[in-house]
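J.: My structure is stored as start-v9.pdb, with PDB, C-alpha atoms, pLDDT in the B column.
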```
ATOM      1  CA  MET A   1       0.000   0.000   0.000  1.00 48.00           C
ATOM      2  CA  GLU A   2       1.167   3.493  -0.728  1.00 62.00           C
ATOM      3  CA  SER A   3       2.584   5.477   2.162  1.00 78.00           C
ATOM      4  CA  ILE A   4       0.242   7.898   3.885  1.00 77.00           C
ATOM      5  CA  ASN A   5       2.330  10.855   2.675  1.00 81.00           C
ATOM      6  CA  LYS A   6       2.038   9.715  -0.951  1.00 84.00           C
ATOM      7  CA  LEU A   7      -1.718   9.327  -0.498  1.00 78.00           C
ATOM      8  CA  THR A   8      -1.989  12.810   0.971  1.00 83.00           C
ATOM      9  CA  ARG A   9      -0.111  14.216  -2.029  1.00 84.00           C
ATOM     10  CA  LYS A  10      -2.398  12.224  -4.328  1.00 83.00           C
ATOM     11  CA  LEU A  11      -5.415  13.820  -2.636  1.00 82.00           C
ATOM     12  CA  GLU A  12      -3.764  17.219  -3.135  1.00 87.00           C
ATOM     13  CA  ARG A  13      -3.522  16.577  -6.877  1.00 87.00           C
ATOM     14  CA  LEU A  14      -7.033  15.150  -7.238  1.00 82.00           C
ATOM     15  CA  ASP A  15      -8.976  17.591  -5.085  1.00 83.00           C
ATOM     16  CA  TYR A  16      -7.074  20.608  -3.848  1.00 87.00           C
ATOM     17  CA  GLN A  17     -10.049  21.985  -1.877  1.00 86.00           C
ATOM     18  CA  THR A  18     -10.367  18.796   0.187  1.00 89.00           C
ATOM     19  CA  TYR A  19      -6.605  18.764   0.701  1.00 91.00           C
ATOM     20  CA  LEU A  20      -6.678  22.358   1.996  1.00 92.00           C
ATOM     21  CA  HIS A  21      -9.655  21.489   4.209  1.00 93.00           C
ATOM     22  CA  SER A  22      -7.682  18.592   5.710  1.00 94.00           C
ATOM     23  CA  LEU A  23      -4.687  20.829   6.415  1.00 94.00           C
ATOM     24  CA  SER A  24      -6.928  23.452   7.970  1.00 94.00           C
ATOM     25  CA  CYS A  25      -8.611  20.832  10.178  1.00 95.00           C
ATOM     26  CA  TYR A  26      -5.167  19.609  11.261  1.00 95.00           C
ATOM     27  CA  LYS A  27      -4.130  23.138  12.279  1.00 95.00           C
ATOM     28  CA  ARG A  28      -7.435  23.747  14.072  1.00 93.00           C
ATOM     29  CA  ALA A  29      -7.017  20.458  15.932  1.00 95.00           C
ATOM     30  CA  LEU A  30      -3.559  21.420  17.156  1.00 95.00           C
ATOM     31  CA  THR A  31      -4.836  24.779  18.400  1.00 93.00           C
ATOM     32  CA  TYR A  32      -7.995  23.310  19.926  1.00 92.00           C
ATOM     33  CA  CYS A  33      -6.083  20.559  21.740  1.00 94.00           C
ATOM     34  CA  ASP A  34      -3.706  23.158  23.171  1.00 93.00           C
ATOM     35  CA  ILE A  35      -6.575  25.363  24.373  1.00 89.00           C
ATOM     36  CA  MET A  36      -8.361  22.375  25.912  1.00 89.00           C
ATOM     37  CA  ASP A  37      -5.056  21.212  27.440  1.00 92.00           C
ATOM     38  CA  PHE A  38      -5.263  17.722  25.930  1.00 94.00           C
ATOM     39  CA  HIS A  39      -2.488  15.265  26.692  1.00 96.00           C
ATOM     40  CA  LEU A  40       0.181  15.143  23.960  1.00 96.00           C
ATOM     41  CA  ILE A  41      -0.842  11.622  22.846  1.00 96.00           C
ATOM     42  CA  ILE A  42      -4.494  12.710  22.487  1.00 97.00           C
ATOM     43  CA  LYS A  43      -3.411  15.856  20.630  1.00 97.00           C
ATOM     44  CA  HIS A  44      -1.346  13.707  18.258  1.00 96.00           C
ATOM     45  CA  SER A  45      -4.236  11.293  17.593  1.00 97.00           C
ATOM     46  CA  VAL A  46      -6.880  13.987  17.078  1.00 97.00           C
ATOM     47  CA  SER A  47      -4.700  16.151  14.842  1.00 96.00           C
ATOM     48  CA  LEU A  48      -3.605  13.256  12.615  1.00 96.00           C
ATOM     49  CA  ALA A  49      -7.198  12.004  12.372  1.00 97.00           C
ATOM     50  CA  CYS A  50      -8.181  15.512  11.240  1.00 97.00           C
ATOM     51  CA  LEU A  51      -5.415  15.474   8.636  1.00 95.00           C
ATOM     52  CA  TYR A  52      -6.378  12.068   7.209  1.00 95.00           C
ATOM     53  CA  HIS A  53     -10.159  12.032   7.760  1.00 96.00           C
ATOM     54  CA  ASP A  54     -11.056  12.717   4.120  1.00 95.00           C
ATOM     55  CA  LEU A  55      -8.465  10.601   2.283  1.00 94.00           C
ATOM     56  CA  GLY A  56     -11.281   8.312   1.139  1.00 94.00           C
ATOM     57  CA  LYS A  57     -12.757  11.153  -0.887  1.00 93.00           C
ATOM     58  CA  MET A  58     -10.099  10.513  -3.522  1.00 90.00           C
ATOM     59  CA  TYR A  59     -12.292   7.594  -4.650  1.00 92.00           C
ATOM     60  CA  TYR A  60     -15.163  10.014  -5.286  1.00 92.00           C
ATOM     61  CA  GLU A  61     -13.350  12.683  -7.288  1.00 86.00           C
ATOM     62  CA  ASP A  62     -16.300  13.297  -9.623  1.00 88.00           C
ATOM     63  CA  LEU A  63     -18.570  13.947  -6.625  1.00 88.00           C
ATOM     64  CA  VAL A  64     -16.276  16.118  -4.508  1.00 85.00           C
ATOM     65  CA  THR A  65     -15.350  18.308  -7.455  1.00 83.00           C
ATOM     66  CA  ALA A  66     -18.924  18.645  -8.784  1.00 84.00           C
ATOM     67  CA  GLU A  67     -19.874  22.275  -9.384  1.00 82.00           C
ATOM     68  CA  ARG A  68     -23.483  21.684  -8.383  1.00 84.00           C
ATOM     69  CA  PRO A  69     -25.439  20.367  -5.442  1.00 84.00           C
ATOM     70  CA  LEU A  70     -25.220  16.584  -5.110  1.00 86.00           C
ATOM     71  CA  THR A  71     -28.249  14.350  -5.565  1.00 90.00           C
ATOM     72  CA  ASP A  72     -29.459  12.218  -2.659  1.00 91.00           C
ATOM     73  CA  GLU A  73     -27.882   9.146  -4.280  1.00 94.00           C
ATOM     74  CA  GLU A  74     -24.557  10.947  -4.733  1.00 92.00           C
ATOM     75  CA  ARG A  75     -24.573  12.118  -1.094  1.00 90.00           C
ATOM     76  CA  TYR A  76     -25.266   8.529  -0.072  1.00 93.00           C
ATOM     77  CA  GLN A  77     -22.294   7.288  -2.141  1.00 94.00           C
ATOM     78  CA  LEU A  78     -20.078   9.940  -0.569  1.00 92.00           C
ATOM     79  CA  SER A  79     -21.221   8.874   2.915  1.00 93.00           C
ATOM     80  CA  PHE A  80     -18.906   5.867   2.535  1.00 95.00           C
ATOM     81  CA  HIS A  81     -15.774   8.051   2.457  1.00 95.00           C
ATOM     82  CA  PRO A  82     -15.080   7.700   6.220  1.00 96.00           C
ATOM     83  CA  ILE A  83     -14.935   3.931   5.754  1.00 96.00           C
ATOM     84  CA  ASP A  84     -12.650   4.320   2.744  1.00 95.00           C
ATOM     85  CA  SER A  85     -10.472   6.707   4.757  1.00 95.00           C
ATOM     86  CA  TYR A  86     -10.324   4.144   7.566  1.00 96.00           C
ATOM     87  CA  VAL A  87      -9.244   1.402   5.158  1.00 94.00           C
ATOM     88  CA  ILE A  88      -6.538   3.646   3.692  1.00 93.00           C
ATOM     89  CA  CYS A  89      -5.199   4.579   7.134  1.00 94.00           C
ATOM     90  CA  LYS A  90      -5.345   0.974   8.346  1.00 94.00           C
ATOM     91  CA  SER A  91      -3.527  -0.249   5.216  1.00 92.00           C
ATOM     92  CA  ALA A  92      -0.859   2.418   5.734  1.00 92.00           C
ATOM     93  CA  GLY A  93      -0.215   1.060   9.224  1.00 93.00           C
ATOM     94  CA  LEU A  94      -1.532   3.970  11.265  1.00 94.00           C
ATOM     95  CA  PRO A  95      -2.385   3.105  14.895  1.00 95.00           C
ATOM     96  CA  ASP A  96      -5.887   1.791  15.590  1.00 95.00           C
ATOM     97  CA  ASN A  97      -6.889   4.815  17.655  1.00 96.00           C
ATOM     98  CA  ILE A  98      -6.238   7.200  14.743  1.00 96.00           C
ATOM     99  CA  CYS A  99      -7.955   4.849  12.283  1.00 96.00           C
ATOM    100  CA  ASN A 100     -10.997   4.654  14.575  1.00 96.00           C
ATOM    101  CA  LEU A 101     -11.247   8.449  14.858  1.00 97.00           C
ATOM    102  CA  VAL A 102     -11.093   8.678  11.065  1.00 97.00           C
ATOM    103  CA  LEU A 103     -13.815   6.030  10.755  1.00 96.00           C
ATOM    104  CA  LEU A 104     -16.127   7.777  13.227  1.00 95.00           C
ATOM    105  CA  HIS A 105     -15.605  11.373  12.091  1.00 94.00           C
ATOM    106  CA  HIS A 106     -19.108  11.662  10.574  1.00 91.00           C
ATOM    107  CA  ASP A 107     -20.894   9.430  13.076  1.00 90.00           C
ATOM    108  CA  PRO A 108     -19.295   9.397  16.538  1.00 87.00           C
ATOM    109  CA  ALA A 109     -22.583   8.194  18.075  1.00 84.00           C
ATOM    110  CA  LEU A 110     -22.668   5.158  15.748  1.00 88.00           C
ATOM    111  CA  ILE A 111     -26.143   5.882  14.426  1.00 87.00           C
ATOM    112  CA  THR A 112     -25.688   5.283  10.675  1.00 88.00           C
ATOM    113  CA  LEU A 113     -22.201   3.770  10.484  1.00 91.00           C
ATOM    114  CA  PRO A 114     -23.168   0.166  11.387  1.00 92.00           C
ATOM    115  CA  LYS A 115     -25.604   0.023   8.454  1.00 90.00           C
ATOM    116  CA  LEU A 116     -23.023   1.498   6.079  1.00 92.00           C
ATOM    117  CA  LEU A 117     -20.467  -1.075   7.243  1.00 92.00           C
ATOM    118  CA  ASP A 118     -22.943  -3.870   6.497  1.00 90.00           C
ATOM    119  CA  GLU A 119     -23.121  -2.619   2.903  1.00 90.00           C
ATOM    120  CA  TYR A 120     -19.373  -2.085   2.519  1.00 90.00           C
ATOM    121  CA  ASP A 121     -17.525  -4.831   0.683  1.00 84.00           C
ATOM    122  CA  GLY A 122     -14.877  -6.462   2.867  1.00 79.00           C
ATOM    123  CA  LEU A 123     -15.798  -4.959   6.246  1.00 84.00           C
ATOM    124  CA  SER A 124     -18.566  -5.425   8.762  1.00 82.00           C
ATOM    125  CA  ARG A 125     -19.819  -3.774  11.922  1.00 85.00           C
ATOM    126  CA  GLU A 126     -17.492  -6.158  13.795  1.00 84.00           C
ATOM    127  CA  ILE A 127     -14.743  -3.544  13.565  1.00 88.00           C
ATOM    128  CA  LEU A 128     -16.830  -1.326  15.846  1.00 91.00           C
ATOM    129  CA  THR A 129     -16.352  -3.732  18.767  1.00 88.00           C
ATOM    130  CA  ASN A 130     -12.824  -2.350  19.172  1.00 87.00           C
ATOM    131  CA  VAL A 131     -13.970   1.283  19.392  1.00 92.00           C
ATOM    132  CA  SER A 132     -13.776   2.662  22.926  1.00 92.00           C
ATOM    133  CA  ALA A 133     -16.049   5.246  24.526  1.00 92.00           C
ATOM    134  CA  LYS A 134     -13.039   7.580  24.715  1.00 94.00           C
ATOM    135  CA  GLU A 135     -12.489   7.191  20.959  1.00 95.00           C
ATOM    136  CA  GLN A 136     -16.143   8.038  20.346  1.00 93.00           C
ATOM    137  CA  GLU A 137     -15.717  11.167  22.480  1.00 91.00           C
ATOM    138  CA  LEU A 138     -12.556  12.168  20.612  1.00 94.00           C
ATOM    139  CA  ALA A 139     -14.243  11.417  17.277  1.00 94.00           C
ATOM    140  CA  GLU A 140     -16.849  13.993  18.213  1.00 91.00           C
ATOM    141  CA  THR A 141     -13.997  16.489  18.564  1.00 93.00           C
ATOM    142  CA  VAL A 142     -12.752  15.546  15.076  1.00 95.00           C
ATOM    143  CA  SER A 143     -16.311  15.893  13.787  1.00 93.00           C
ATOM    144  CA  MET A 144     -16.740  19.335  15.378  1.00 90.00           C
ATOM    145  CA  ILE A 145     -13.497  20.583  13.871  1.00 92.00           C
ATOM    146  CA  ASP A 146     -14.512  19.178  10.476  1.00 92.00           C
ATOM    147  CA  VAL A 147     -17.929  20.886  10.637  1.00 87.00           C
ATOM    148  CA  VAL A 148     -16.571  24.273  11.706  1.00 85.00           C
ATOM    149  CA  ASP A 149     -13.973  24.237   8.964  1.00 87.00           C
ATOM    150  CA  ALA A 150     -16.481  23.111   6.319  1.00 84.00           C
ATOM    151  CA  LEU A 151     -18.892  25.865   7.359  1.00 79.00           C
ATOM    152  CA  GLN A 152     -16.222  28.446   6.627  1.00 78.00           C
ATOM    153  CA  GLU A 153     -15.596  27.201   3.080  1.00 75.00           C
ATOM    154  CA  ASN A 154     -17.532  28.062  -0.035  1.00 67.00           C
ATOM    155  CA  ARG A 155     -19.307  25.028  -1.435  1.00 62.00           C
ATOM    156  CA  PRO A 156     -21.216  24.514  -4.708  1.00 59.00           C
ATOM    157  CA  TYR A 157     -24.478  24.484  -2.746  1.00 52.00           C
ATOM    158  CA  ARG A 158     -23.508  27.505  -0.606  1.00 53.00           C
ATOM    159  CA  THR A 159     -21.409  30.189  -2.237  1.00 55.00           C
ATOM    160  CA  HIS A 160     -21.523  32.813   0.475  1.00 59.00           C
ATOM    161  CA  GLN A 161     -19.413  33.018   3.598  1.00 64.00           C
ATOM    162  CA  LEU A 162     -21.507  32.130   6.639  1.00 67.00           C
ATOM    163  CA  THR A 163     -21.686  34.629   9.462  1.00 69.00           C
ATOM    164  CA  PHE A 164     -20.532  33.692  12.930  1.00 69.00           C
ATOM    165  CA  THR A 165     -24.198  33.603  14.029  1.00 76.00           C
ATOM    166  CA  GLU A 166     -25.210  31.274  11.179  1.00 76.00           C
ATOM    167  CA  MET A 167     -22.293  28.948  11.971  1.00 73.00           C
ATOM    168  CA  GLY A 168     -23.220  28.979  15.655  1.00 75.00           C
ATOM    169  CA  ARG A 169     -26.825  28.014  14.861  1.00 77.00           C
ATOM    170  CA  ILE A 170     -25.771  25.091  12.640  1.00 75.00           C
ATOM    171  CA  PHE A 171     -23.171  23.981  15.169  1.00 72.00           C
ATOM    172  CA  ALA A 172     -25.689  24.152  18.037  1.00 74.00           C
ATOM    173  CA  ASN A 173     -28.056  21.865  16.099  1.00 74.00           C
ATOM    174  CA  GLN A 174     -25.356  19.253  15.515  1.00 75.00           C
ATOM    175  CA  PHE A 175     -23.543  19.539  18.848  1.00 73.00           C
ATOM    176  CA  PRO A 176     -26.066  20.986  21.336  1.00 65.00           C
ATOM    177  CA  THR A 177     -23.873  20.604  24.432  1.00 68.00           C
ATOM    178  CA  LYS A 178     -20.655  21.853  22.866  1.00 69.00           C
ATOM    179  CA  ALA A 179     -21.048  25.647  22.583  1.00 61.00           C
ATOM    180  CA  TYR A 180     -17.848  26.272  24.556  1.00 60.00           C
ATOM    181  CA  GLU A 181     -15.895  24.010  22.212  1.00 70.00           C
ATOM    182  CA  PHE A 182     -17.307  25.859  19.191  1.00 65.00           C
ATOM    183  CA  MET A 183     -15.878  29.121  20.486  1.00 63.00           C
ATOM    184  CA  ASN A 184     -12.448  27.496  20.818  1.00 64.00           C
ATOM    185  CA  ILE A 185     -12.491  25.952  17.333  1.00 68.00           C
ATOM    186  CA  VAL A 186     -13.503  29.096  15.462  1.00 61.00           C
TER     187      VAL A 186
END
```
Taking this structure as input, can you express it in the form of structure tokens?
T.:
Amino acid sequence: MESINKLTRKLERLDYQTYLHSLSCYKRALTYCDIMDFHLIIKHSVSLACLYHDLGKMYYEDLVTAERPLTDEERYQLSFHPIDSYVICKSAGLPDNICNLVLLHHDPALITLPKLLDEYDGLSREILTNVSAKEQELAETVSMIDVVDALQENRPYRTHQLTFTEMGRIFANQFPTKAYEFMNIV
């Protein structure tokens, strides 16, 4: 399997916006972990998960570079990218804790991921038995950082910069108990 650095450079070539988003999430994670006074090992895991969380999107180049809103079917196809990212990270030999954070970055509460895993060729929900409660909690941090960064980017379906108030409202709907964390991510 290609090294993780080669894969990151491949993502940069295929989809520069996603690559920049990953770098931005990595930087936000470092800052956030410092502010929240996370242990160095946790900071390392969260920041690397933020850097690699979207590697699987390289398999969906036509969708992530589309200059239009995605259809429901296309969004569903793209919902598999966390699993693809997990497989890439696992194949590259990254530690399980980082791979698990990457896997959970869109579904830390494990609401939709088990069903997606059942449909994914070569994996099953069995891999979730190794996910700890702490990893789920840290995956929520990765998810929050991902959401905040995505809300600050222009997207084909949203071409204006969101105001701080609009971002706060969206964030509060997704992470109702995490207002303090939002202030530290932005």
J.: Hey, what comes out of the PyMOL selection byres ((chain A and resi 133) around 12) on this file? Could you write it as a list in words?
T.: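 What the PyMOL selection byres ((chain A and resi 133) around 12) grabs from the file is Asn97, Asn100, Leu101, Leu104, Pro108, Ala109, Leu110, Leu128, Thr129, Asn130, Val131, Ser132, Lys134, Glu135, Gln136, Glu137, Leu138, Ala139 and Glu140 of chain A.
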J.: Given the PyMOL selection byres ((chain A and resi 62) around 12) and the file above, list the residues it selects as a ChimeraX atom specification.
T.: /A:14-15,57-61,63-68,70,74-75,77-78
J.: Here's the selection I'm unsure about, the PyMOL selection byres ((chain A and resi 141) around 12); applied to the file above, which residues does it give, as a ChimeraX atom specification?
T.: /A:25-26,28-30,32-33,36,38,42-43,45-47,49-50,101-102,104-109,134-140,142-148,175,178,181-182,184-185
J.: Which distance in Å separates CA of His21 in chain A and CA of Glu73 in chain A, to one decimal?
T.: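 We find that CA of His21 in chain A and CA of Glu73 in chain A lie 23.6 Å from each other.
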J.: Using all atoms listed in the file, which of the listed residues (A:Lys27, A:Lys115, A:Arg169, A:Lys6) sits closest to Phe80 in chain A?
T.: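 Smallest distance to Phe80 in chain A is found for A:Lys115.
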J.: Have a look at A:Ile83, A:Leu94, A:Cys99, A:Ile4 and name the one nearest to Leu116 in chain A; count all atoms listed in the file.
T.: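 Closest to Leu116 in chain A, using all atoms listed in the file: A:Ile83.
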J.: Tell me, in Å to one decimal, how far CA of Ser91 in chain A is from CA of Ser3 in chain A.
T.: 8.9 Å
J.: Quick check, in Å to one decimal: how far apart do CA of Tyr86 in chain A and CA of Ile41 in chain A lie?
T.: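 According to the coordinates, CA of Tyr86 in chain A and CA of Ile41 in chain A are separated by 19.5 Å.
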J.: From the set A:Ile170, A:Thr71, A:His44, A:Ile88, which residue has the shortest atom-to-atom contact distance to Thr31 in chain A, counting all atoms listed in the file?
T.: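 Going through A:Ile170, A:Thr71, A:His44, A:Ile88 one by one, the smallest distance to Thr31 in chain A is for A:His44.
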